[in-house]
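Just below is one structure, and these are the notes that go with it.
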Amino acid sequence: MRVVKAFARQGYEKEKFDKDNWKKYIKGKFLLLMHSLFWPLSDIVLTTQMLFGFVYAAYMAIHGEITVGDYMAYIGLLLWLIFPIRNLGRLIVQTSTGMVSYARLMEITKQTREDLTSGKVQPTEPARGEIEFKNVSFIYSDGKQEVIKDISFHIKPGQSIALLGSTGSGKTSLVNLLPRFHEYTSGEILLDGVDLKDYPRKYLREQIGIVQQEPFLFSRSIRENILYGVGRSVTQEEIEAAAKAAAVHDVILSFPDGYNTIVGEKGVTLSGGQKQRVTIARTILKNPKILILDDSTSSVDTETEAEIRKALDDLMEHRTTFIIAHRIQSVMKADHILVLDKGQIIQKGNHEELLTQFGGMYRKIYDIQTRIDEELEQEIARVN
Ligand code: M5T
Ligand code: MG
């Protein structure tokens, strides 16, 4: 509705709706006409036939060609046969409409359920967090092109890796392979030396905390949203500590209902940055061994970002972290930086190494971003 209003397309949408509605009206009217013709007409034909049969049979009975008993049997038979046969026609129509609904339901019922628990290994300990990609390629099941091409890298437990690259270069697709939201097409991904496909999905997802690019909150209280998927009992202090770390505690307290504020349709609508910070708090509370931050500070201002980054730095210690960001500042501290382009690694190294590669993409991005910062500072100095 907002998009329609913002582009002043009410008239267009209304017309489109009217057109579709008109089509439905015409079809409905036609159907009604057919019904109103069919039933009376078939009644007339049928009863004429029956009348003819009765009269002719009566004629035969009067002239002794058949007995009165035969006549009675004939009439009974006719009545018992004709009406069920007529109903059969109605049944065929009903069955065919039923089949349409049946096909739609079956489409859903036939989906194979994701197998969460079976796997060649059934680890009981938390993962260490060593991750190795070996020539991994990936095509979406409904796509044709490889969105990830021949990616290889290795991170030790507790290290961090940053992914940098233009939009659509496959960063989100790459990290989504880790919780097995999709199966990679070729190559191998190893967690602690074991192929991901050998782990039960449930185990993997318990080890991985992911702050997704598009934050999603349930239409429940903020507390329930932060608690989601924690899987252990948590005190109010812990919830508040997580919210503080995500720089959202003060915002929550500013609502009249505090942590009991309902989010979404039935309650307070949070801003993009507030939502993002609630999902960060949720992940902080989950305390996972592997952390994935997919552009998770994209909708907050620079000041808040710095605040969150401090909290995340603490959180990143002792866990394997994937950081996706567009600002050099967010990725420069990572142990490894991968620069992606169209699903391929075009540069690999840490901040210092990549800076010395003049003419490389990383250096270019760095130069542009520092130039923007400098210009901004000069501008501010000039105004003051
Ligand atoms: C990489 C395609 C998309 C793009 C490429 C999520 C998704 C993506 N794609 C699909 O075909 N199907 C899908 O369900 O894959 O997309 P990405 O990994 O989302 O890119 P990114 O995260 O690097 O981009 P951004 O904008 O988040 O920085 O060609 O069409
Ligand atoms: Mg993305």
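Going by the structure tokens order, chains are called A, B, ..., each with residues numbered from 1, while ligands are numbered from 1 in the order shown.
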
Per residue of chain A within 6 Å of ligand 1, record the nearest atom pair and its distance in Å to one decimal, counting only C-alpha atoms and all ligand atoms, with rows in chain order and ascending residue number, as CSV.
residue,atom,partner,partner_atom_place_in_ligand_line,distance
A:Tyr140,CA,ligand 1,11 (O),5.7
A:Gly143,CA,ligand 1,11 (O),5.6
A:Val147,CA,ligand 1,5 (C),5.1
A:Ser166,CA,ligand 1,28 (O),5.8
A:Thr167,CA,ligand 1,28 (O),3.5
A:Gly168,CA,ligand 1,20 (O),3.4
A:Ser169,CA,ligand 1,23 (O),3.9
A:Gly170,CA,ligand 1,18 (O),3.2
A:Lys171,CA,ligand 1,23 (O),3.7
A:Thr172,CA,ligand 1,22 (O),3.7
A:Ser173,CA,ligand 1,18 (O),3.7

Exercise. Would you kindly return, as number ranges by chain, each protein, DNA or RNA residue with an atom no farther than 10 Å from any atom of stretch 163-165 of chain A, considering only C-alpha atoms and excluding same-chain residues fewer than 2 positions away?
Key: A: 161, 167-172, 174-175, 294-295, 322-328, 331, 334, 336-348, 361-362, 365

Save the residues we just selected, N, CA and C atoms, as a CSV table (one decimal), in the first residue's frame?
chain,number,residue,atom,x,y,z
A,161,ILE,N,36.8,-13.6,9.7
A,161,ILE,CA,36.9,-13.5,8.3
A,161,ILE,C,35.9,-12.5,7.8
A,167,THR,N,27.3,-5.4,-4.4
A,167,THR,CA,26.0,-6.1,-4.1
A,167,THR,C,25.8,-7.1,-5.2
A,168,GLY,N,25.3,-8.3,-4.8
A,168,GLY,CA,25.1,-9.4,-5.7
A,168,GLY,C,26.3,-10.2,-5.9
A,169,SER,N,27.4,-10.0,-5.2
A,169,SER,CA,28.6,-10.7,-5.4
A,169,SER,C,28.6,-12.1,-4.8
A,170,GLY,N,27.6,-12.4,-4.0
A,170,GLY,CA,27.4,-13.7,-3.4
A,170,GLY,C,27.8,-13.9,-1.9
A,171,LYS,N,27.9,-12.7,-1.2
A,171,LYS,CA,28.3,-12.8,0.2
A,171,LYS,C,27.3,-13.5,1.0
A,172,THR,N,26.0,-13.1,0.9
A,172,THR,CA,25.0,-13.7,1.7
A,172,THR,C,24.8,-15.2,1.3
A,174,LEU,N,27.0,-17.2,0.3
A,174,LEU,CA,28.2,-17.9,0.8
A,174,LEU,C,27.9,-18.3,2.3
A,175,VAL,N,27.6,-17.3,3.1
A,175,VAL,CA,27.4,-17.6,4.6
A,175,VAL,C,26.2,-18.4,4.8
A,294,ASP,N,25.7,-10.5,8.9
A,294,ASP,CA,25.5,-10.2,7.5
A,294,ASP,C,25.1,-8.7,7.4
A,295,ASP,N,26.0,-7.8,7.2
A,295,ASP,CA,25.6,-6.4,7.0
A,295,ASP,C,24.8,-5.9,8.2
A,322,PHE,N,32.2,-14.5,10.9
A,322,PHE,CA,32.1,-14.0,9.5
A,322,PHE,C,31.5,-12.6,9.5
A,323,ILE,N,32.2,-11.7,9.0
A,323,ILE,CA,31.6,-10.3,8.9
A,323,ILE,C,31.4,-9.9,7.5
A,324,ILE,N,30.2,-9.5,7.2
A,324,ILE,CA,29.9,-8.9,5.9
A,324,ILE,C,29.6,-7.4,6.1
A,325,ALA,N,30.4,-6.6,5.5
A,325,ALA,CA,30.1,-5.1,5.7
A,325,ALA,C,30.6,-4.4,4.4
A,326,HIS,N,30.1,-3.2,4.3
A,326,HIS,CA,30.6,-2.4,3.2
A,326,HIS,C,31.6,-1.3,3.6
A,327,ARG,N,31.7,-1.1,4.9
A,327,ARG,CA,32.6,-0.1,5.4
A,327,ARG,C,34.0,-0.7,5.7
A,328,ILE,N,35.0,-0.2,5.2
A,328,ILE,CA,36.4,-0.7,5.5
A,328,ILE,C,36.6,-0.8,7.0
A,331,VAL,N,35.7,-4.0,8.6
A,331,VAL,CA,36.3,-5.2,8.3
A,331,VAL,C,37.9,-5.2,8.5
A,334,ALA,N,39.7,-7.7,10.8
A,334,ALA,CA,39.5,-9.2,10.6
A,334,ALA,C,40.8,-9.9,10.3
A,336,HIS,N,41.3,-12.4,8.3
A,336,HIS,CA,41.3,-12.6,6.8
A,336,HIS,C,40.3,-11.7,6.2
A,337,ILE,N,40.6,-11.2,5.0
A,337,ILE,CA,39.6,-10.5,4.3
A,337,ILE,C,39.5,-11.1,2.9
A,338,LEU,N,38.3,-11.4,2.5
A,338,LEU,CA,38.1,-11.9,1.1
A,338,LEU,C,37.4,-10.8,0.3
A,339,VAL,N,37.9,-10.5,-0.8
A,339,VAL,CA,37.1,-9.6,-1.7
A,339,VAL,C,36.5,-10.4,-2.8
A,340,LEU,N,35.2,-10.3,-2.9
A,340,LEU,CA,34.4,-11.2,-3.8
A,340,LEU,C,33.9,-10.3,-5.0
A,341,ASP,N,33.9,-11.0,-6.1
A,341,ASP,CA,33.3,-10.3,-7.3
A,341,ASP,C,32.6,-11.4,-8.1
A,342,LYS,N,31.3,-11.3,-8.4
A,342,LYS,CA,30.6,-12.3,-9.2
A,342,LYS,C,30.8,-13.7,-8.6
A,343,GLY,N,30.8,-13.9,-7.3
A,343,GLY,CA,31.0,-15.2,-6.8
A,343,GLY,C,32.4,-15.7,-6.7
A,344,GLN,N,33.4,-14.9,-7.1
A,344,GLN,CA,34.7,-15.4,-7.1
A,344,GLN,C,35.6,-14.6,-6.1
A,345,ILE,N,36.6,-15.2,-5.6
A,345,ILE,CA,37.5,-14.4,-4.7
A,345,ILE,C,38.5,-13.7,-5.7
A,346,ILE,N,38.5,-12.4,-5.6
A,346,ILE,CA,39.5,-11.7,-6.4
A,346,ILE,C,40.7,-11.2,-5.6
A,347,GLN,N,40.5,-11.1,-4.3
A,347,GLN,CA,41.6,-10.7,-3.4
A,347,GLN,C,41.5,-11.4,-2.1
A,348,LYS,N,42.6,-11.6,-1.5
A,348,LYS,CA,42.6,-12.4,-0.2
A,348,LYS,C,43.8,-11.9,0.6
A,361,MET,N,41.0,-4.0,-5.9
A,361,MET,CA,39.7,-3.5,-5.5
A,361,MET,C,39.7,-3.0,-4.1
A,362,TYR,N,40.4,-3.7,-3.2
A,362,TYR,CA,40.4,-3.3,-1.8
A,362,TYR,C,41.0,-1.9,-1.6
A,365,ILE,N,38.6,0.7,-2.9
A,365,ILE,CA,37.5,1.0,-1.9
A,365,ILE,C,38.0,1.8,-0.8

Determine which residues of stretch 204-238 of chain A DSSP labels as alpha helix (DSSP H) from the backbone of this structure, then write them out as a JSON list (two decimals) with N, CA and C atoms, in the first residue's frame.
[["chain", "number", "residue", "atom", "x", "y", "z"],
["A", 204, "LEU", "N", 24.25, -28.09, 13.66],
["A", 204, "LEU", "CA", 24.93, -26.97, 12.99],
["A", 204, "LEU", "C", 24.31, -25.65, 13.39],
["A", 205, "ARG", "N", 22.97, -25.63, 13.35],
["A", 205, "ARG", "CA", 22.28, -24.36, 13.60],
["A", 205, "ARG", "C", 22.38, -23.94, 15.06],
["A", 206, "GLU", "N", 22.61, -24.92, 15.95],
["A", 206, "GLU", "CA", 22.83, -24.55, 17.35],
["A", 206, "GLU", "C", 24.20, -23.91, 17.54],
["A", 207, "GLN", "N", 25.15, -24.29, 16.69],
["A", 207, "GLN", "CA", 26.51, -23.76, 16.80],
["A", 207, "GLN", "C", 26.64, -22.37, 16.17],
["A", 222, "ILE", "N", 9.21, -7.55, 22.92],
["A", 222, "ILE", "CA", 10.65, -7.45, 22.63],
["A", 222, "ILE", "C", 11.41, -8.51, 23.42],
["A", 223, "ARG", "N", 10.98, -8.78, 24.65],
["A", 223, "ARG", "CA", 11.67, -9.78, 25.44],
["A", 223, "ARG", "C", 11.64, -11.14, 24.73],
["A", 224, "GLU", "N", 10.45, -11.55, 24.28],
["A", 224, "GLU", "CA", 10.33, -12.84, 23.60],
["A", 224, "GLU", "C", 11.19, -12.88, 22.34],
["A", 225, "ASN", "N", 11.27, -11.73, 21.65],
["A", 225, "ASN", "CA", 12.09, -11.68, 20.44],
["A", 225, "ASN", "C", 13.58, -11.85, 20.76],
["A", 226, "ILE", "N", 14.02, -11.25, 21.87],
["A", 226, "ILE", "CA", 15.44, -11.40, 22.23],
["A", 226, "ILE", "C", 15.72, -12.82, 22.69],
["A", 227, "LEU", "N", 14.71, -13.42, 23.37],
["A", 227, "LEU", "CA", 14.89, -14.76, 23.92],
["A", 227, "LEU", "C", 14.79, -15.86, 22.86],
["A", 236, "GLN", "N", 16.54, -11.90, 33.65],
["A", 236, "GLN", "CA", 16.29, -10.57, 33.09],
["A", 236, "GLN", "C", 17.60, -9.79, 32.96],
["A", 237, "GLU", "N", 18.54, -10.02, 33.90],
["A", 237, "GLU", "CA", 19.83, -9.32, 33.83],
["A", 237, "GLU", "C", 20.57, -9.68, 32.54],
["A", 238, "GLU", "N", 20.54, -10.97, 32.21],
["A", 238, "GLU", "CA", 21.24, -11.40, 31.00],
["A", 238, "GLU", "C", 20.62, -10.78, 29.75]]

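Going from atom CA of A:Met34 to atom CA of A:Val93 covers 13.2 Å.
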
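Of the listed residues A:Glu377, A:Asp250, A:Glu303, A:Glu214, the one whose atoms come nearest to ligand 2 is A:Glu214, with distances taken using only C-alpha atoms and all ligand atoms.
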
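Counting only C-alpha atoms and all ligand atoms and comparing A:Leu178, A:Leu190, A:Val211, A:Ile66, the residue that lies closest to ligand 2 is A:Val211.
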
Between A:Gln212, A:Gln10, A:Thr269, A:Gln122, smallest distance to ligand 2 by only C-alpha atoms and all ligand atoms belongs to A:Gln212

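Coordinates place atom CA of A:Gly64 at a distance of 26.9 Å from atom CA of A:Leu46.
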
task = Name the residues in contact with A:Pro157 at a cut-off of 8 Å, using only C-alpha atoms, excluding same-chain residues fewer than 4 positions from it; report them as a count of residues only.
result = 7

**Asked** So which residues of stretch 199-343 of chain A fall under strand (DSSP E) by DSSP, listed as number ranges by chain?
**Response** A: 208-211, 290-294, 320-324, 336-341

Write the selection just made, keeping C-alpha atoms, as a PDB file, in the first residue's frame?
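selection05.pdb written:
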ATOM      1  CA  ILE A 208      25.851 -20.864  14.463  1.00  0.00           C
ATOM      2  CA  GLY A 209      24.456 -17.475  15.404  1.00  0.00           C
ATOM      3  CA  ILE A 210      23.403 -15.452  12.441  1.00  0.00           C
ATOM      4  CA  VAL A 211      22.394 -11.805  12.305  1.00  0.00           C
ATOM      5  CA  ILE A 290      30.265 -19.439  15.087  1.00  0.00           C
ATOM      6  CA  LEU A 291      28.987 -15.957  14.479  1.00  0.00           C
ATOM      7  CA  ILE A 292      27.735 -14.581  11.188  1.00  0.00           C
ATOM      8  CA  LEU A 293      27.095 -10.866  10.857  1.00  0.00           C
ATOM      9  CA  ASP A 294      25.524 -10.188   7.493  1.00  0.00           C
ATOM     10  CA  THR A 320      34.840 -17.924  14.584  1.00  0.00           C
ATOM     11  CA  THR A 321      33.233 -14.902  12.995  1.00  0.00           C
ATOM     12  CA  PHE A 322      32.067 -14.035   9.506  1.00  0.00           C
ATOM     13  CA  ILE A 323      31.613 -10.328   8.949  1.00  0.00           C
ATOM     14  CA  ILE A 324      29.937  -8.898   5.910  1.00  0.00           C
ATOM     15  CA  HIS A 336      41.299 -12.638   6.825  1.00  0.00           C
ATOM     16  CA  ILE A 337      39.584 -10.487   4.251  1.00  0.00           C
ATOM     17  CA  LEU A 338      38.098 -11.914   1.094  1.00  0.00           C
ATOM     18  CA  VAL A 339      37.127  -9.576  -1.704  1.00  0.00           C
ATOM     19  CA  LEU A 340      34.425 -11.156  -3.827  1.00  0.00           C
ATOM     20  CA  ASP A 341      33.267 -10.341  -7.306  1.00  0.00           C
TER      21      ASP A 341
END

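Using only C-alpha atoms, the contacts of stretch 179-187 of chain A at a cut-off of 7 Å, with sequence neighbours closer than 2 positions omitted, comprise Lys134, Asn135, Val136, Ser137, Phe138, Ile139, Asn176, Leu177, Arg201, Leu204, Arg205 and Ile208 of chain A.
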
Would you put the residues from that selection into a file with all heavy atoms, as a short mmCIF file (atom, residue, chain, number, x, y, z; two decimals), in the first residue's frame?
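Written out: result-v9.cif:
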data_model
loop_
_atom_site.label_atom_id
_atom_site.label_comp_id
_atom_site.auth_asym_id
_atom_site.auth_seq_id
_atom_site.Cartn_x
_atom_site.Cartn_y
_atom_site.Cartn_z
N LYS A 134 36.68 -25.84 0.47
CA LYS A 134 37.56 -26.43 -0.56
C LYS A 134 36.84 -26.40 -1.89
O LYS A 134 35.91 -27.17 -2.11
CB LYS A 134 37.87 -27.88 -0.21
CG LYS A 134 38.93 -28.07 0.85
CD LYS A 134 39.30 -29.54 0.92
CE LYS A 134 40.20 -29.86 2.09
NZ LYS A 134 40.26 -31.32 2.31
N ASN A 135 37.24 -25.51 -2.76
CA ASN A 135 36.69 -25.40 -4.13
C ASN A 135 35.17 -25.47 -4.14
O ASN A 135 34.59 -26.24 -4.90
CB ASN A 135 37.25 -26.50 -5.02
CG ASN A 135 38.76 -26.58 -4.95
OD1 ASN A 135 39.30 -27.40 -4.20
ND2 ASN A 135 39.43 -25.70 -5.66
N VAL A 136 34.55 -24.67 -3.31
CA VAL A 136 33.09 -24.72 -3.19
C VAL A 136 32.43 -23.92 -4.31
O VAL A 136 32.81 -22.78 -4.56
CB VAL A 136 32.63 -24.18 -1.82
CG1 VAL A 136 31.12 -24.17 -1.72
CG2 VAL A 136 33.22 -25.02 -0.71
N SER A 137 31.47 -24.54 -4.96
CA SER A 137 30.64 -23.83 -5.94
C SER A 137 29.19 -24.06 -5.58
O SER A 137 28.85 -25.06 -4.96
CB SER A 137 30.89 -24.35 -7.35
OG SER A 137 32.21 -24.07 -7.73
N PHE A 138 28.37 -23.12 -5.97
CA PHE A 138 26.96 -23.24 -5.58
C PHE A 138 26.05 -22.59 -6.61
O PHE A 138 26.32 -21.49 -7.09
CB PHE A 138 26.78 -22.59 -4.20
CG PHE A 138 25.35 -22.41 -3.80
CD1 PHE A 138 24.51 -23.51 -3.69
CD2 PHE A 138 24.84 -21.14 -3.53
CE1 PHE A 138 23.19 -23.35 -3.32
CE2 PHE A 138 23.53 -20.97 -3.16
CZ PHE A 138 22.69 -22.08 -3.06
N ILE A 139 25.00 -23.31 -6.96
CA ILE A 139 23.96 -22.79 -7.85
C ILE A 139 22.64 -22.92 -7.09
O ILE A 139 22.37 -23.98 -6.52
CB ILE A 139 23.84 -23.63 -9.15
CG1 ILE A 139 25.21 -23.78 -9.82
CG2 ILE A 139 22.84 -23.01 -10.11
CD1 ILE A 139 25.21 -24.72 -11.00
N ASN A 176 25.17 -18.36 3.94
CA ASN A 176 23.97 -19.17 4.12
C ASN A 176 24.22 -20.66 3.88
O ASN A 176 23.39 -21.50 4.19
CB ASN A 176 22.83 -18.69 3.21
CG ASN A 176 22.08 -17.53 3.82
OD1 ASN A 176 22.25 -17.23 5.00
ND2 ASN A 176 21.26 -16.87 3.03
N LEU A 177 25.38 -20.99 3.31
CA LEU A 177 25.71 -22.40 3.12
C LEU A 177 26.09 -23.05 4.44
O LEU A 177 25.93 -24.25 4.63
CB LEU A 177 26.89 -22.54 2.14
CG LEU A 177 26.63 -22.11 0.70
CD1 LEU A 177 27.88 -22.30 -0.13
CD2 LEU A 177 25.48 -22.90 0.10
N ARG A 201 21.49 -31.09 10.79
CA ARG A 201 21.27 -29.65 10.63
C ARG A 201 21.04 -28.95 11.97
O ARG A 201 21.47 -27.84 12.21
CB ARG A 201 20.06 -29.40 9.72
CG ARG A 201 20.35 -29.63 8.26
CD ARG A 201 19.16 -29.15 7.44
NE ARG A 201 19.41 -29.30 6.01
CZ ARG A 201 19.20 -30.44 5.35
NH1 ARG A 201 18.77 -31.51 5.98
NH2 ARG A 201 19.43 -30.51 4.05
N LEU A 204 24.25 -28.09 13.66
CA LEU A 204 24.93 -26.97 12.99
C LEU A 204 24.31 -25.65 13.39
O LEU A 204 24.99 -24.68 13.72
CB LEU A 204 24.81 -27.12 11.48
CG LEU A 204 25.80 -28.03 10.78
CD1 LEU A 204 25.48 -28.07 9.30
CD2 LEU A 204 27.21 -27.52 11.00
N ARG A 205 22.97 -25.63 13.35
CA ARG A 205 22.28 -24.36 13.60
C ARG A 205 22.38 -23.94 15.06
O ARG A 205 22.25 -22.76 15.38
CB ARG A 205 20.83 -24.47 13.14
CG ARG A 205 20.80 -24.54 11.63
CD ARG A 205 19.47 -24.80 11.02
NE ARG A 205 19.66 -25.12 9.61
CZ ARG A 205 18.71 -25.52 8.80
NH1 ARG A 205 17.47 -25.64 9.25
NH2 ARG A 205 18.98 -25.79 7.54
N ILE A 208 25.71 -22.08 15.25
CA ILE A 208 25.85 -20.86 14.46
C ILE A 208 24.85 -19.80 14.89
O ILE A 208 23.66 -20.08 15.02
CB ILE A 208 25.65 -21.20 12.97
CG1 ILE A 208 26.74 -22.17 12.50
CG2 ILE A 208 25.68 -19.93 12.12
CD1 ILE A 208 26.53 -22.73 11.13
#
